Amino acid sequence: MLSKKNTVLSLVSNIVIILATVGVVISYFCGNDGQYHIAPAFRFCLFTTDSNILCMLTALILAYFEVRYLATGKPIPRLAIYLKFVGTTAVAVTFSVVVLFLGPLTDFVSMVFGGTSLYMHFAGPLLAFVSFCFFENLHPLNKKALLPAIIPTVLYGAVYIVMVVILGSENGGWIDFYHFNIGGFWYLSCAAIILLTLGLAAVLRLLHNRMTKTAGNIPSSPVT
């Protein structure tokens, strides 16, 4: 059972994630085109936007069950924790790609801390990480949870390959805005991102399970 303190901390974190993400997305349609002058509709072609919206939706689902738990005592379902794991992994990928690749390749300070990037690339993923690993220690995750966690990245990667590599900007596709096809080595970038996603998911699962064990929420059968 999740302690009342951790439930409240998690709920507050999830509400901040929801409000901040909605606020940033709305700002795109209110004249905020950012330093790269990106059209509002094209924002949804970016993994940054998609991953943060996914995380926001999983935070919304979990927040609903947390409010119900605080009000009625009804347990928070395991699925809500698993979904938050998927959303947290997605924004962890966003954070890692920006910090390890896009930031050093372009302008690190602007990419991480400039405008809405401060939330979408840094604060949002960090808040999701802290809440999932340290506050939402109700259900431990088994190894099978790693597969759903990488699905958003794989799906986006497939779309990116079609739009950038197969179609290309000259045929109505996208320019290589993530620089994953430099030198034509898109397949190496694809493999690296999938491995990165799997690694991040494994680390998140490990931390979450350790904190869940510390909280005393241990399953009757081993988590594998």
# chains A, B, ... in the order shown; residues from 1 in each chain; ligands from 1

call {"tool": "select_by_dssp", "arguments": {"residues": "chain A", "states": "alpha helix (DSSP H)", "output": "mmCIF file with C-alpha atoms, in the first residue's frame"}}
result
data_model
loop_
_atom_site.group_PDB
_atom_site.id
_atom_site.type_symbol
_atom_site.label_atom_id
_atom_site.label_comp_id
_atom_site.auth_asym_id
_atom_site.auth_seq_id
_atom_site.Cartn_x
_atom_site.Cartn_y
_atom_site.Cartn_z
ATOM 1 C CA LYS A 4 -0.423 8.851 2.226
ATOM 2 C CA LYS A 5 2.672 11.058 2.111
ATOM 3 C CA ASN A 6 4.012 9.433 -1.051
ATOM 4 C CA THR A 7 0.563 9.413 -2.604
ATOM 5 C CA VAL A 8 0.235 13.153 -2.079
ATOM 6 C CA LEU A 9 3.766 13.804 -3.353
ATOM 7 C CA SER A 10 3.093 11.691 -6.418
ATOM 8 C CA LEU A 11 -0.269 13.362 -7.008
ATOM 9 C CA VAL A 12 1.256 16.837 -6.800
ATOM 10 C CA SER A 13 4.018 15.792 -9.207
ATOM 11 C CA ASN A 14 1.514 14.355 -11.656
ATOM 12 C CA ILE A 15 -0.666 17.463 -11.504
ATOM 13 C CA VAL A 16 2.377 19.638 -12.239
ATOM 14 C CA ILE A 17 3.262 17.376 -15.195
ATOM 15 C CA ILE A 18 -0.297 17.638 -16.520
ATOM 16 C CA LEU A 19 -0.628 21.415 -16.147
ATOM 17 C CA ALA A 20 2.867 22.223 -17.392
ATOM 18 C CA THR A 21 2.585 20.001 -20.462
ATOM 19 C CA VAL A 22 -0.848 21.338 -21.381
ATOM 20 C CA GLY A 23 0.406 24.887 -20.858
ATOM 21 C CA VAL A 24 3.430 24.390 -23.102
ATOM 22 C CA VAL A 25 1.397 22.743 -25.878
ATOM 23 C CA ILE A 26 -1.219 25.525 -25.767
ATOM 24 C CA SER A 27 1.566 28.108 -25.988
ATOM 25 C CA TYR A 28 2.542 26.647 -29.372
ATOM 26 C CA PHE A 47 9.438 13.128 -30.231
ATOM 27 C CA THR A 48 9.894 15.802 -27.563
ATOM 28 C CA THR A 49 6.253 16.839 -27.839
ATOM 29 C CA ASP A 50 4.924 13.318 -28.307
ATOM 30 C CA SER A 51 6.846 11.852 -25.369
ATOM 31 C CA ASN A 52 5.789 14.638 -23.020
ATOM 32 C CA ILE A 53 2.149 14.286 -24.051
ATOM 33 C CA LEU A 54 2.379 10.526 -23.498
ATOM 34 C CA CYS A 55 3.897 11.094 -20.055
ATOM 35 C CA MET A 56 1.171 13.643 -19.295
ATOM 36 C CA LEU A 57 -1.566 11.151 -20.220
ATOM 37 C CA THR A 58 -0.052 8.433 -18.023
ATOM 38 C CA ALA A 59 0.290 10.968 -15.192
ATOM 39 C CA LEU A 60 -3.378 11.882 -15.652
ATOM 40 C CA ILE A 61 -4.456 8.250 -15.382
ATOM 41 C CA LEU A 62 -2.372 7.686 -12.264
ATOM 42 C CA ALA A 63 -3.539 10.970 -10.709
ATOM 43 C CA TYR A 64 -7.159 9.884 -11.121
ATOM 44 C CA PHE A 65 -6.559 6.646 -9.226
ATOM 45 C CA GLU A 66 -4.535 8.470 -6.565
ATOM 46 C CA VAL A 67 -7.399 10.874 -5.932
ATOM 47 C CA ARG A 68 -9.780 7.911 -5.741
ATOM 48 C CA TYR A 69 -7.412 6.147 -3.347
ATOM 49 C CA LEU A 70 -7.177 9.171 -1.048
ATOM 50 C CA ALA A 71 -10.934 9.691 -1.125
ATOM 51 C CA THR A 72 -12.212 6.117 -0.853
ATOM 52 C CA ARG A 78 -1.002 -2.090 -11.215
ATOM 53 C CA LEU A 79 -1.747 -0.983 -14.785
ATOM 54 C CA ALA A 80 -1.598 2.689 -13.771
ATOM 55 C CA ILE A 81 1.966 2.218 -12.481
ATOM 56 C CA TYR A 82 2.976 0.303 -15.599
ATOM 57 C CA LEU A 83 1.612 3.054 -17.836
ATOM 58 C CA LYS A 84 3.526 5.700 -15.872
ATOM 59 C CA PHE A 85 6.635 3.578 -16.434
ATOM 60 C CA VAL A 86 6.067 3.764 -20.193
ATOM 61 C CA GLY A 87 5.567 7.533 -20.078
ATOM 62 C CA THR A 88 8.586 8.088 -17.847
ATOM 63 C CA THR A 89 10.806 6.011 -20.122
ATOM 64 C CA ALA A 90 9.692 8.053 -23.132
ATOM 65 C CA VAL A 91 10.649 11.396 -21.592
ATOM 66 C CA ALA A 92 13.864 9.863 -20.253
ATOM 67 C CA VAL A 93 14.767 9.149 -23.880
ATOM 68 C CA THR A 94 13.998 12.778 -24.765
ATOM 69 C CA PHE A 95 16.212 14.032 -21.943
ATOM 70 C CA SER A 96 19.082 11.674 -22.754
ATOM 71 C CA VAL A 97 19.123 12.347 -26.503
ATOM 72 C CA GLY A 103 22.888 19.555 -27.053
ATOM 73 C CA PRO A 104 26.601 18.982 -27.740
ATOM 74 C CA LEU A 105 25.897 18.888 -31.495
ATOM 75 C CA PHE A 108 23.592 22.870 -25.327
ATOM 76 C CA VAL A 109 22.321 25.749 -23.187
ATOM 77 C CA SER A 110 19.476 26.688 -25.543
ATOM 78 C CA MET A 111 18.590 23.072 -26.250
ATOM 79 C CA VAL A 112 18.293 22.192 -22.563
ATOM 80 C CA PHE A 113 17.318 25.445 -20.864
ATOM 81 C CA SER A 117 12.899 23.336 -23.628
ATOM 82 C CA GLY A 124 9.450 17.501 -17.108
ATOM 83 C CA PRO A 125 11.553 14.360 -17.566
ATOM 84 C CA LEU A 126 13.290 14.992 -14.224
ATOM 85 C CA LEU A 127 9.964 15.366 -12.400
ATOM 86 C CA ALA A 128 8.631 12.188 -14.008
ATOM 87 C CA PHE A 129 11.782 10.321 -12.977
ATOM 88 C CA VAL A 130 11.644 11.493 -9.358
ATOM 89 C CA LEU A 146 10.517 -3.504 -20.517
ATOM 90 C CA LEU A 147 8.859 -4.367 -23.841
ATOM 91 C CA PRO A 148 5.934 -1.914 -23.579
ATOM 92 C CA ALA A 149 8.391 0.754 -22.394
ATOM 93 C CA ILE A 150 10.303 0.724 -25.684
ATOM 94 C CA ILE A 151 7.234 0.587 -27.966
ATOM 95 C CA PRO A 152 6.741 4.405 -28.216
ATOM 96 C CA THR A 153 10.381 4.866 -29.270
ATOM 97 C CA VAL A 154 10.203 2.026 -31.799
ATOM 98 C CA LEU A 155 6.978 3.348 -33.317
ATOM 99 C CA TYR A 156 8.330 6.884 -33.583
ATOM 100 C CA GLY A 157 11.574 5.558 -35.034
ATOM 101 C CA ALA A 158 9.659 3.694 -37.748
ATOM 102 C CA VAL A 159 7.778 6.865 -38.691
ATOM 103 C CA TYR A 160 11.004 8.882 -38.665
ATOM 104 C CA TRP A 186 20.360 5.908 -39.906
ATOM 105 C CA TYR A 187 20.426 2.192 -39.051
ATOM 106 C CA LEU A 188 23.205 2.729 -36.510
ATOM 107 C CA SER A 189 21.307 5.622 -34.964
ATOM 108 C CA CYS A 190 18.178 3.479 -34.847
ATOM 109 C CA ALA A 191 19.969 0.639 -33.075
ATOM 110 C CA ALA A 192 21.634 3.058 -30.642
ATOM 111 C CA ILE A 193 18.346 4.730 -29.710
ATOM 112 C CA ILE A 194 16.590 1.401 -29.136
ATOM 113 C CA LEU A 195 19.452 0.193 -26.937
ATOM 114 C CA LEU A 196 19.408 3.520 -25.094
ATOM 115 C CA THR A 197 15.667 3.191 -24.500
ATOM 116 C CA LEU A 198 16.034 -0.360 -23.228
ATOM 117 C CA GLY A 199 18.882 0.688 -20.943
ATOM 118 C CA LEU A 200 16.941 3.623 -19.525
ATOM 119 C CA ALA A 201 13.887 1.430 -18.959
ATOM 120 C CA ALA A 202 16.039 -1.138 -17.153
ATOM 121 C CA VAL A 203 17.551 1.527 -14.882
ATOM 122 C CA LEU A 204 14.125 3.023 -14.117
ATOM 123 C CA ARG A 205 12.759 -0.432 -13.328
ATOM 124 C CA LEU A 206 15.712 -1.213 -11.052
ATOM 125 C CA LEU A 207 15.392 2.028 -9.084
ATOM 126 C CA HIS A 208 11.619 1.753 -8.861
ATOM 127 C CA ASN A 209 11.752 -1.843 -7.627
ATOM 128 C CA ARG A 210 14.448 -1.076 -5.055
ATOM 129 C CA MET A 211 12.451 1.808 -3.638
ATOM 130 C CA THR A 212 9.296 -0.338 -3.711
ATOM 131 C CA LYS A 213 11.100 -3.010 -1.716
ATOM 132 C CA THR A 214 12.323 -0.359 0.731
#

call {"tool": "atom_distance", "arguments": {"atom1": "CA of Tyr178 (chain A)", "atom2": "CA of Val99 (chain A)"}}
result
12.9 Å

call {"tool": "closest_atom_pairs", "arguments": {"of": "region 47-149 of chain A", "to": "region 31-36 of chain A", "cutoff": "9 Å", "atoms": "only C-alpha atoms", "output": "tab-separated table"}}
result
residue	atom	partner	partner_atom	distance
A:Ser110	CA	A:Gln35	CA	8.5
A:Gly114	CA	A:Gln35	CA	8.2
A:Gly115	CA	A:Gly34	CA	6.9
A:Thr116	CA	A:Gly34	CA	7.7

call {"tool": "atom_distance", "arguments": {"atom1": "CA of Gly173 (chain A)", "atom2": "CA of Arg43 (chain A)"}}
result
14.7 Å

call {"tool": "decode", "arguments": {"residues": "region 101-143 of chain A", "atoms": "N, CA and C atoms", "output": "JSON list (two decimals), in the first residue's frame"}}
result
[["chain", "number", "residue", "atom", "x", "y", "z"],
["A", 101, "PHE", "N", 23.40, 14.05, -27.09],
["A", 101, "PHE", "CA", 23.63, 14.14, -28.53],
["A", 101, "PHE", "C", 23.29, 15.50, -29.13],
["A", 102, "LEU", "N", 22.02, 15.90, -29.04],
["A", 102, "LEU", "CA", 21.60, 17.14, -29.70],
["A", 102, "LEU", "C", 22.22, 18.38, -29.06],
["A", 103, "GLY", "N", 22.30, 18.41, -27.73],
["A", 103, "GLY", "CA", 22.89, 19.55, -27.05],
["A", 103, "GLY", "C", 24.33, 19.80, -27.46],
["A", 104, "PRO", "N", 25.21, 18.80, -27.32],
["A", 104, "PRO", "CA", 26.60, 18.98, -27.74],
["A", 104, "PRO", "C", 26.75, 19.25, -29.24],
["A", 105, "LEU", "N", 25.81, 18.72, -30.05],
["A", 105, "LEU", "CA", 25.90, 18.89, -31.50],
["A", 105, "LEU", "C", 25.50, 20.29, -31.93],
["A", 106, "THR", "N", 24.58, 20.92, -31.17],
["A", 106, "THR", "CA", 24.08, 22.24, -31.54],
["A", 106, "THR", "C", 24.46, 23.27, -30.48],
["A", 107, "ASP", "N", 23.46, 23.71, -29.72],
["A", 107, "ASP", "CA", 23.68, 24.69, -28.65],
["A", 107, "ASP", "C", 23.14, 24.11, -27.36],
["A", 108, "PHE", "N", 24.02, 23.62, -26.51],
["A", 108, "PHE", "CA", 23.59, 22.87, -25.33],
["A", 108, "PHE", "C", 22.69, 23.70, -24.42],
["A", 109, "VAL", "N", 23.08, 24.92, -24.13],
["A", 109, "VAL", "CA", 22.32, 25.75, -23.19],
["A", 109, "VAL", "C", 20.91, 26.01, -23.71],
["A", 110, "SER", "N", 20.80, 26.41, -24.97],
["A", 110, "SER", "CA", 19.48, 26.69, -25.54],
["A", 110, "SER", "C", 18.65, 25.42, -25.67],
["A", 111, "MET", "N", 19.30, 24.33, -26.04],
["A", 111, "MET", "CA", 18.59, 23.07, -26.25],
["A", 111, "MET", "C", 18.02, 22.52, -24.95],
["A", 112, "VAL", "N", 18.73, 22.75, -23.85],
["A", 112, "VAL", "CA", 18.29, 22.19, -22.56],
["A", 112, "VAL", "C", 17.50, 23.21, -21.74],
["A", 113, "PHE", "N", 17.91, 24.45, -21.76],
["A", 113, "PHE", "CA", 17.32, 25.44, -20.86],
["A", 113, "PHE", "C", 16.57, 26.57, -21.57],
["A", 114, "GLY", "N", 16.58, 26.62, -22.89],
["A", 114, "GLY", "CA", 15.96, 27.72, -23.60],
["A", 114, "GLY", "C", 14.46, 27.58, -23.76],
["A", 115, "GLY", "N", 13.71, 28.60, -23.37],
["A", 115, "GLY", "CA", 12.26, 28.63, -23.57],
["A", 115, "GLY", "C", 11.55, 27.42, -23.00],
["A", 116, "THR", "N", 10.66, 26.84, -23.80],
["A", 116, "THR", "CA", 9.90, 25.67, -23.35],
["A", 116, "THR", "C", 10.77, 24.43, -23.22],
["A", 117, "SER", "N", 11.98, 24.47, -23.77],
["A", 117, "SER", "CA", 12.90, 23.34, -23.63],
["A", 117, "SER", "C", 13.25, 23.09, -22.16],
["A", 118, "LEU", "N", 13.23, 24.13, -21.37],
["A", 118, "LEU", "CA", 13.52, 23.97, -19.94],
["A", 118, "LEU", "C", 12.60, 22.95, -19.30],
["A", 119, "TYR", "N", 11.34, 22.98, -19.70],
["A", 119, "TYR", "CA", 10.40, 21.98, -19.16],
["A", 119, "TYR", "C", 10.42, 20.70, -19.99],
["A", 120, "MET", "N", 10.25, 20.82, -21.31],
["A", 120, "MET", "CA", 10.06, 19.65, -22.16],
["A", 120, "MET", "C", 11.31, 18.77, -22.24],
["A", 121, "HIS", "N", 12.49, 19.37, -22.17],
["A", 121, "HIS", "CA", 13.73, 18.61, -22.28],
["A", 121, "HIS", "C", 14.37, 18.29, -20.93],
["A", 122, "PHE", "N", 14.02, 19.05, -19.90],
["A", 122, "PHE", "CA", 14.75, 18.91, -18.64],
["A", 122, "PHE", "C", 13.83, 18.71, -17.43],
["A", 123, "ALA", "N", 13.08, 19.74, -17.08],
["A", 123, "ALA", "CA", 12.30, 19.69, -15.83],
["A", 123, "ALA", "C", 11.21, 18.62, -15.86],
["A", 124, "GLY", "N", 10.51, 18.50, -17.00],
["A", 124, "GLY", "CA", 9.45, 17.50, -17.11],
["A", 124, "GLY", "C", 9.97, 16.09, -16.95],
["A", 125, "PRO", "N", 10.98, 15.70, -17.74],
["A", 125, "PRO", "CA", 11.55, 14.36, -17.57],
["A", 125, "PRO", "C", 12.10, 14.12, -16.16],
["A", 126, "LEU", "N", 12.74, 15.14, -15.57],
["A", 126, "LEU", "CA", 13.29, 14.99, -14.22],
["A", 126, "LEU", "C", 12.18, 14.77, -13.20],
["A", 127, "LEU", "N", 11.09, 15.52, -13.33],
["A", 127, "LEU", "CA", 9.96, 15.37, -12.40],
["A", 127, "LEU", "C", 9.33, 13.99, -12.55],
["A", 128, "ALA", "N", 9.19, 13.52, -13.78],
["A", 128, "ALA", "CA", 8.63, 12.19, -14.01],
["A", 128, "ALA", "C", 9.51, 11.11, -13.39],
["A", 129, "PHE", "N", 10.82, 11.27, -13.54],
["A", 129, "PHE", "CA", 11.78, 10.32, -12.98],
["A", 129, "PHE", "C", 11.68, 10.27, -11.45],
["A", 130, "VAL", "N", 11.69, 11.43, -10.82],
["A", 130, "VAL", "CA", 11.64, 11.49, -9.36],
["A", 130, "VAL", "C", 10.34, 10.90, -8.84],
["A", 131, "SER", "N", 9.23, 11.27, -9.43],
["A", 131, "SER", "CA", 7.94, 10.79, -8.94],
["A", 131, "SER", "C", 7.81, 9.28, -9.13],
["A", 132, "PHE", "N", 8.24, 8.78, -10.29],
["A", 132, "PHE", "CA", 8.08, 7.35, -10.54],
["A", 132, "PHE", "C", 9.00, 6.51, -9.67],
["A", 133, "CYS", "N", 10.22, 6.94, -9.52],
["A", 133, "CYS", "CA", 11.20, 6.12, -8.79],
["A", 133, "CYS", "C", 11.11, 6.26, -7.27],
["A", 134, "PHE", "N", 10.68, 7.42, -6.78],
["A", 134, "PHE", "CA", 10.75, 7.66, -5.34],
["A", 134, "PHE", "C", 9.39, 7.85, -4.64],
["A", 135, "PHE", "N", 8.33, 8.13, -5.39],
["A", 135, "PHE", "CA", 7.02, 8.34, -4.76],
["A", 135, "PHE", "C", 6.02, 7.25, -5.11],
["A", 136, "GLU", "N", 6.12, 6.67, -6.29],
["A", 136, "GLU", "CA", 5.10, 5.74, -6.77],
["A", 136, "GLU", "C", 5.52, 4.29, -6.58],
["A", 137, "ASN", "N", 5.93, 3.99, -5.36],
["A", 137, "ASN", "CA", 6.50, 2.68, -5.04],
["A", 137, "ASN", "C", 5.43, 1.73, -4.53],
["A", 138, "LEU", "N", 4.49, 1.42, -5.39],
["A", 138, "LEU", "CA", 3.37, 0.57, -5.00],
["A", 138, "LEU", "C", 3.49, -0.83, -5.58],
["A", 139, "HIS", "N", 3.71, -0.91, -6.87],
["A", 139, "HIS", "CA", 3.80, -2.20, -7.55],
["A", 139, "HIS", "C", 5.18, -2.36, -8.19],
["A", 140, "PRO", "N", 5.90, -3.43, -7.88],
["A", 140, "PRO", "CA", 7.17, -3.69, -8.55],
["A", 140, "PRO", "C", 6.93, -4.09, -10.00],
["A", 141, "LEU", "N", 7.89, -3.85, -10.85],
["A", 141, "LEU", "CA", 7.77, -4.15, -12.28],
["A", 141, "LEU", "C", 8.57, -5.40, -12.63],
["A", 142, "ASN", "N", 7.97, -6.30, -13.39],
["A", 142, "ASN", "CA", 8.74, -7.46, -13.84],
["A", 142, "ASN", "C", 9.44, -7.13, -15.16],
["A", 143, "LYS", "N", 10.25, -8.04, -15.63],
["A", 143, "LYS", "CA", 11.04, -7.79, -16.83],
["A", 143, "LYS", "C", 10.18, -7.64, -18.08]]
